[in-house]
Amino acid sequence: MYKAILFDLDNTLLNYDTSEHEAMRQTIDVHRLAELEGFEWETFRTVFAPINWNYWINRVEHRLHISQVLDYSFRDTLLQMGHDSTLSRSLASTYWKIFSATCHFMDGTEELLARLHGRYRVGIVSNGIGEAQRKRLAAGGVSHYFQHLFISDEIGVSKPDKLIFDRAVEALGVDRSEILFVGDSLTDDYEGARMSRIDFCHYNPNRKPVREEISPAHTIHALSELVDIITREEGHR
């Protein structure tokens, strides 16, 4: 019988992909990059993605601030495409400002949070940057639904590290058996919940194949299905 529900944030409650795409498009427009000779949007995206990912995954080791991650990503992308890179810092600043103010929900997020409000202790466990995650929730008008936010750059460790889940359990003040964690990643979310002995609900909207040895407590393909799980649990109280 669950008393608390924890959620991953990006691509579980908030649509990261749509927000990132929109923020990048607006950044390109603000700085008129499309007017550069030979500039192509799809080429830019293809070049930027792996460069940005490399800086992102190595940011802790190299002690990079998010502004540096973005600055270097834009710089290297423009250089690789044969363009002037002196705009990289301005591009990074514009992108971060737009992205942090952009909130797109996954289908059913608002209805689900309203259903849980006042009935369960609700929190977030997210690998991300606290500034952006908090601002995006505020932009979507849903900050008040969460009693606790556990964000990797604020805690100092990332999922699947057990420590970030232990912090959540301690703050929630309930037994591990009374917590359900909902997320889309089998690497970060499932493994973290499993090591922390917390029930995991796999949110799998695209119905991606799952290896046989993966055994979440629940699997849903739409956030609305979580209500059915909760209703069954409430019926056993």
# chains A, B, ... in the order shown; residues from 1 in each chain; ligands from 1

$ select_by_dssp --residues "segment 73-136 of chain A" --states "helix (DSSP H, G or I)" --output "ChimeraX atom specification"
/A:73-80,88-100,109-116,130-136

$ residues_around --residues "Ala49 of chain A" --least-positions-apart "4" --cutoff "10 Å" --atoms "only C-alpha atoms" --output "list of chain:residue names"
A:Phe44, A:Arg45, A:Trp53, A:Asn54, A:Ser73, A:Thr77

$ write_last_selection --atoms "C-alpha atoms" --output "compact mmCIF listing (two decimals), in the first residue's frame"
# COMPACT_ATOMS: atom_id res chain seq x y z
CA PHE A 44 23.31 21.37 -36.99
CA ARG A 45 21.18 18.99 -34.90
CA TRP A 53 26.17 14.53 -24.86
CA ASN A 54 29.94 14.07 -24.47
CA SER A 73 28.84 22.43 -27.35
CA THR A 77 29.39 22.45 -33.41

$ atom_distance --atom1 "atom CA of Lys162 of chain A" --atom2 "atom CA of Ala193 of chain A"
7.9 Å

$ residues_around --residues "segment 56-72 of chain A" --least-positions-apart "6" --cutoff "12 Å" --atoms "only C-alpha atoms" --output "VMD selection string"
chain A and resid 24 48 to 50 78 to 80 85 to 97 99 127 to 132 152 to 153 156 to 158

$ write_last_selection --atoms "C-alpha atoms" --output "tab-separated table (two decimals), in the first residue's frame"
chain	number	residue	atom	x	y	z
A	24	MET	CA	16.95	25.22	-29.85
A	48	PHE	CA	25.38	19.15	-31.96
A	49	ALA	CA	23.78	16.10	-30.29
A	50	PRO	CA	26.88	13.87	-29.78
A	78	LEU	CA	29.86	25.74	-35.25
A	79	LEU	CA	33.55	25.05	-35.78
A	80	GLN	CA	32.84	21.58	-37.15
A	85	SER	CA	32.16	30.19	-33.18
A	86	THR	CA	32.39	33.56	-31.40
A	87	LEU	CA	28.62	33.50	-30.80
A	88	SER	CA	28.79	30.33	-28.72
A	89	ARG	CA	28.52	31.99	-25.31
A	90	SER	CA	25.55	34.11	-26.38
A	91	LEU	CA	23.88	31.08	-27.93
A	92	ALA	CA	24.36	29.13	-24.71
A	93	SER	CA	22.85	31.92	-22.63
A	94	THR	CA	19.84	32.33	-24.91
A	95	TYR	CA	19.19	28.61	-25.12
A	96	TRP	CA	19.37	28.10	-21.35
A	97	LYS	CA	17.03	31.00	-20.67
A	99	PHE	CA	14.74	26.08	-22.15
A	127	ASN	CA	19.13	13.70	-13.14
A	128	GLY	CA	19.31	17.31	-14.19
A	129	ILE	CA	20.10	20.88	-13.23
A	130	GLY	CA	18.05	22.21	-10.35
A	131	GLU	CA	17.66	25.70	-11.80
A	132	ALA	CA	16.05	24.41	-14.99
A	152	SER	CA	21.24	15.31	-9.07
A	153	ASP	CA	23.28	18.52	-9.23
A	156	GLY	CA	25.74	15.66	-5.64
A	157	VAL	CA	25.03	12.23	-7.11
A	158	SER	CA	22.99	10.98	-10.05

$ closest_residue --among "A:Ile5, A:Val47, A:Cys201, A:Leu112" --to "His148 of chain A" --atoms "only C-alpha atoms"
A:Ile5

$ select_by_dssp --residues "segment 102-179 of chain A" --states "strand (DSSP E)" --output "count of residues only"
11

$ residues_around --residues "segment 165-179 of chain A" --least-positions-apart "6" --cutoff "6 Å" --atoms "only C-alpha atoms" --output "NGL selection string"
:A and (1-5 or 198)

$ atom_distance --atom1 "atom CA of Met106 of chain A" --atom2 "atom CA of Leu9 of chain A"
9.9 Å

$ residues_around --residues "Lys208 of chain A" --least-positions-apart "5" --cutoff "12 Å" --atoms "only C-alpha atoms" --output "PyMOL selection string"
chain A and resi 184-186+202-203+219-221

$ write_last_selection --atoms "N, CA and C atoms" --output "PDB file, in the first residue's frame"
ATOM      1  N   ASP A 184      10.984   6.310 -16.835  1.00  0.00           N
ATOM      2  CA  ASP A 184      11.049   5.717 -18.170  1.00  0.00           C
ATOM      3  C   ASP A 184      12.362   5.002 -18.459  1.00  0.00           C
ATOM      4  N   SER A 185      13.398   5.257 -17.654  1.00  0.00           N
ATOM      5  CA  SER A 185      14.726   4.713 -17.941  1.00  0.00           C
ATOM      6  C   SER A 185      14.986   3.431 -17.155  1.00  0.00           C
ATOM      7  N   LEU A 186      15.340   2.369 -17.866  1.00  0.00           N
ATOM      8  CA  LEU A 186      15.698   1.118 -17.195  1.00  0.00           C
ATOM      9  C   LEU A 186      17.105   1.196 -16.624  1.00  0.00           C
ATOM     10  N   HIS A 202       7.488   1.043 -14.516  1.00  0.00           N
ATOM     11  CA  HIS A 202       8.124   1.405 -15.786  1.00  0.00           C
ATOM     12  C   HIS A 202       7.121   2.104 -16.696  1.00  0.00           C
ATOM     13  N   TYR A 203       7.388   3.360 -16.988  1.00  0.00           N
ATOM     14  CA  TYR A 203       6.566   4.115 -17.928  1.00  0.00           C
ATOM     15  C   TYR A 203       7.163   3.913 -19.316  1.00  0.00           C
ATOM     16  N   THR A 219       4.103  -1.965 -15.003  1.00  0.00           N
ATOM     17  CA  THR A 219       4.439  -1.356 -16.291  1.00  0.00           C
ATOM     18  C   THR A 219       3.201  -0.635 -16.812  1.00  0.00           C
ATOM     19  N   ILE A 220       3.397   0.600 -17.258  1.00  0.00           N
ATOM     20  CA  ILE A 220       2.292   1.361 -17.838  1.00  0.00           C
ATOM     21  C   ILE A 220       2.731   1.942 -19.178  1.00  0.00           C
ATOM     22  N   HIS A 221       1.768   2.129 -20.061  1.00  0.00           N
ATOM     23  CA  HIS A 221       2.054   2.719 -21.367  1.00  0.00           C
ATOM     24  C   HIS A 221       1.449   4.111 -21.492  1.00  0.00           C
TER      25      HIS A 221
END

$ residues_around --residues "Arg134 of chain A" --least-positions-apart "4" --cutoff "10 Å" --atoms "only C-alpha atoms" --output "ChimeraX atom specification"
/A:100-101,129-130,138-139,142-143,149,151

$ atom_distance --atom1 "atom CA of Ser224 of chain A" --atom2 "atom CA of Asp161 of chain A"
28.5 Å

$ closest_residue --among "A:Ser126, A:Thr187, A:Asn11, A:Ala222" --to "Arg207 of chain A" --atoms "only C-alpha atoms"
A:Ala222
